[in-house]
Each structure stands twice: as C-alpha cells, then as structure tokens.
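S.K.: Got a structure here, written out as structure tokens. Questions coming.
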Amino acid sequence: MCPVDRPIYLDNHATTPVDPRVLEAMLPTFTVMFGNAASRQHAHGWEAEELVTIAREQVAALIGAETEEIVFTSGATESNNLAIRGVAIAHALRGRHIITAATEHPAVLDPCERLKREGWDVTVLPVDGEGMIDLGALERAITPETTLISLMAANSEIGILHPLREIGALARERGVLFHTDAAQAAGKIALDVNADHIDLLSISAHKMCGPKGVGALYVRRRNPRVRLEPLLEGGGHENGVRSGTLNVPGIVGLGKAAAIAREEMREEAQTLAALRDRLLERIRAGLSGVEVNGALERRLPGNLNLSFEGVDGDSLITAMPGLAVSTGSACVSAKQEPSHVLRALGIGDERVRSSLRFGIGRFNTLEEIDLAAEMVIEAVTRLREMSPRLE
Ligand SMILES: *Cc1c(COP(=O)(O)O)cnc(C)c1O
C-alpha cells in the first residue's frame, strides 16, 4: 500500500512509530559503533559501554532512579516476568502469596497463573465499574505470606491510572514488595520510584516512540534491596540478573526515547488530552448511544475507550478502512477473546463487543482527529441503518 493511503493511526497503545530523533541516535550503533558493551579490551567495547551508560542514565532519570537500578531487557513482557517470577522464587522461603488485579496485562497475569500452578497463592483483585481497585480490599488481601503486589501504572485498554503512591505506601508499611507494569505510563505521566514507593517497574521502549524488542526493569537497590532470581543465565550481564549480550542499538533508542519523553511529557500530555477530548466531543455530537468505558478522569491523556450501542466492534473496524484502531489489547486480541479488562469492569458481553480503543500519540494531528471522528460517525450511522435494533 502506498504510504499516503495508509490508514490514520490511532492505535498507539499497541505500539508507536519510532521518533526520527530516536532513529538518528540509533543508526551509528549498527555500523560504526557496533561494539559489544562487554568487550573490555578495546575501544569498540568501551565506546558501546559508554553508550549504554548514557542510556542507563536517561532511563533512570525518567523515573527518579539510580543508574545501577536499571536492568535492560527485551521489553515489558520480559521485565514483568523477571519481576514477578524473580521476586516470587527469590522470596519463596519467606512466603508464597502474591497479589495482582483482574485488569492487568497478560504479561503479568500469565506469570502469576504459572506460579499458581507451581503452588503459590495468587489473589486477583476485582475492580469497580470505573476500573479502579479498592485500597481497603488490597490491604485486607495482604497476609504474612505475601511477598509481592503487582499492579499496573496505566491500563493498556482503558488507560486507567492506579493510585501508585497509596499502593506503594501500603506495600512499604506491610513489608511487601511493589512491582508496577509501567509500559503504558512511562513517558506519558510523571513517575517517581521513591515518592511512589515502587520497588520494581517495567518499561517498554516501543510504547514511547522507541524501537521494539527492548525495555527495562527498575530494581530497587536500597531500602529495601530487592533480590531477584534471574530468568536467563549465562555471561552474568546486568549484575547477573539478565545475561545476554546487550542490545546496544535498542538500548540507545530506549535511552533517547526516555530523554525526549522526560523533556516533552508535560506539554505533550496537554496536547494529547486536548485531541482526545475533541475526538470524544465530535463523536458525541454526531452520535447517540456512545459510552465511555472506565473513568474519564484519571486516565492516560491519549486514551479513549468507547462503546457504540448496537454496533459490533469488529464490523465497525472493517467499515473504517481509513482508520487504524482496535477492539482491545493486541496481545489479547491475538487470542480472539473478548476483552478481559472490560469484562472485569462488569460490562456486559454485548457492550464489550461494541467497544473500540482509541490511542492518540505524538504524531497525530488535529486534522487526523477530525477525520477520524467523521469516519466513526459515518460508519456507526451506516451500520445502525443496516441492522436497526428491534424495539
Ligand atoms: C505493551 C505492554 C506490555 C508488553 O510490552 P512488550 O515490550 O511489547 O513486551 C506489557 N504491559 C503493558 C501494560 C503493555 O501495554
């Protein structure tokens, strides 16, 4: 397909385009500065190591961490697995209970499920109709056996932000480690691992205009020092927590993406929220029977999740070839199941099936938002006329 004909991209929760400034920073690492960051005996290695050090500083700065607390990984899926499994196994003698919530990403729920099969107790907290957990229920779920609470910073489908600071304070008070999957939140909202009492935090580069296949796990080194059982063993890279030759191009890209986000996040959030509000306003002005899924407040600035009464989401997507949106998480839709997130909010199957997720990102324009609203209104109207609901 010719580039000019490509659909308007409003699926920035699935992935984002690489920022040209990120690409520019990465390019020399493929050809000239191609060294192995673990090569200690020549300039190629030192140069690569220096690039990795800079990236580590950039990632640490984004979340208020120290450089030694950043472990580079292949993405947030690996970071989540390492955090959950790594903590659970390293602390198995102390207790075998972990707490998470029903709206988490599969990269959190599935490792928890595996631990459950291996004998751990797993509490999966419910959420209310807005997508929020009940802090009282979280507190009551903690037992002397609990070693980890894993609750995401921002939801990938409905954008809901968990109250990290309150959760972190509670975890700290009870001597339980707190992990947060911040794949959607990092670079979008302010995160501070110390103020928020976070012990482990997962980041993915490709959700913040960096490359795919690279991410990081923040692992607290002081008060308390977090112990982790590695998933991958080998050369002892990353302080023995994650062996494997470092993906220098990816790491440089992640670092640059983090630096740009840190610089531009505040302003970008306002722009994205304004575009999001405009999209909602326009759609509502042209259509009845439109519901917002999840609390409209307390969500990622670029997120909107809507259901369109009487319309099937998949049919709606097919009816809008000029618009790239999705019915839910790309990872979940690979399994072709209705969204576990929307169902956890208590939303009925029919409304779940009529829902679309809009993810607005750095490179979307006002013109695109207006065009997108027109396409949605036109397609929903047409589909409703084709199959009028029985009164
Ligand atoms: C995208 C995403 C992941 C997975 O990240 P990868 O880097 O693609 O492995 C995990 N959690 C959330 C919330 C996500 O949005």
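By convention in this document, the chains of the structure tokens carry letters A, B, ... by their order, each chain's residues are numbered from 1, and ligands are numbered from 1 in the order they are shown.
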Would you pick out the contacts of Glu130 (chain A) at 7 Å or less, using only C-alpha atoms, so that residues sharing its chain but fewer than 3 positions from it are not included, and give the list as an MDAnalysis selection string?
M.R.: chainID A and resid 294:295 345
S.K.: Hey, which residues sit close to ligand 1? Say within 8 Å, counting only C-alpha atoms and all ligand atoms, and write them as an NGL selection string.
M.R.: :A and (13-15 or 74-80 or 104-108 or 152-156 or 181-184 or 202-207 or 212-215 or 329 or 331)
S.K.: So which bits of region 127-335 of chain A end up helix (DSSP H, G or I) when you DSSP the backbone, as a PyMOL selection string?
M.R.: chain A and resi 135-141+164-173+205-207+238-240+248-286+313-318+330-333
S.K.: Could you check which of A:Gly187, A:Gly210, A:Pro338, A:Pro20 is closest to Glu268 (chain A), using only C-alpha atoms?
M.R.: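 Among the listed residues, A:Gly187 lies closest to Glu268 (chain A).
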S.K.: Mind checking which residues fall within 6 Å of Ala37 (chain A), counting only C-alpha atoms, ignoring those fewer than 2 positions away in the same chain, and posting them as a ChimeraX atom specification?
M.R.: /A:39,45,48-49
S.K.: Once you have the residues from the selection above, write them out as an mmCIF file, in the first residue's frame, restricted to all heavy atoms.
M.R.:
data_model
loop_
_atom_site.group_PDB
_atom_site.id
_atom_site.type_symbol
_atom_site.label_atom_id
_atom_site.label_comp_id
_atom_site.auth_asym_id
_atom_site.auth_seq_id
_atom_site.Cartn_x
_atom_site.Cartn_y
_atom_site.Cartn_z
ATOM 1 N N SER A 39 32.873 -6.099 25.909
ATOM 2 C CA SER A 39 34.282 -6.242 25.490
ATOM 3 C C SER A 39 35.114 -5.220 26.246
ATOM 4 O O SER A 39 34.993 -4.023 26.021
ATOM 5 C CB SER A 39 34.427 -6.004 23.986
ATOM 6 O OG SER A 39 33.749 -6.974 23.252
ATOM 7 N N GLY A 45 34.532 -1.857 22.383
ATOM 8 C CA GLY A 45 33.759 -2.239 23.562
ATOM 9 C C GLY A 45 33.521 -1.067 24.498
ATOM 10 O O GLY A 45 32.408 -0.870 24.987
ATOM 11 N N ALA A 48 30.840 1.233 23.138
ATOM 12 C CA ALA A 48 29.493 0.673 23.303
ATOM 13 C C ALA A 48 29.057 0.775 24.762
ATOM 14 O O ALA A 48 27.901 1.124 25.067
ATOM 15 C CB ALA A 48 29.466 -0.776 22.834
ATOM 16 N N GLU A 49 29.978 0.490 25.670
ATOM 17 C CA GLU A 49 29.651 0.556 27.082
ATOM 18 C C GLU A 49 29.278 1.983 27.488
ATOM 19 O O GLU A 49 28.350 2.203 28.278
ATOM 20 C CB GLU A 49 30.840 0.063 27.924
ATOM 21 C CG GLU A 49 30.434 -0.177 29.375
ATOM 22 C CD GLU A 49 31.614 -0.400 30.299
ATOM 23 O OE1 GLU A 49 32.766 -0.156 29.888
ATOM 24 O OE2 GLU A 49 31.380 -0.808 31.445
#
S.K.: Using only C-alpha atoms, which residues sit within 8 Å of Glu157 (chain A) once same-chain residues fewer than 4 positions away are excluded, as a ChimeraX atom specification?
M.R.: /A:13,303,305,328-329,341,357
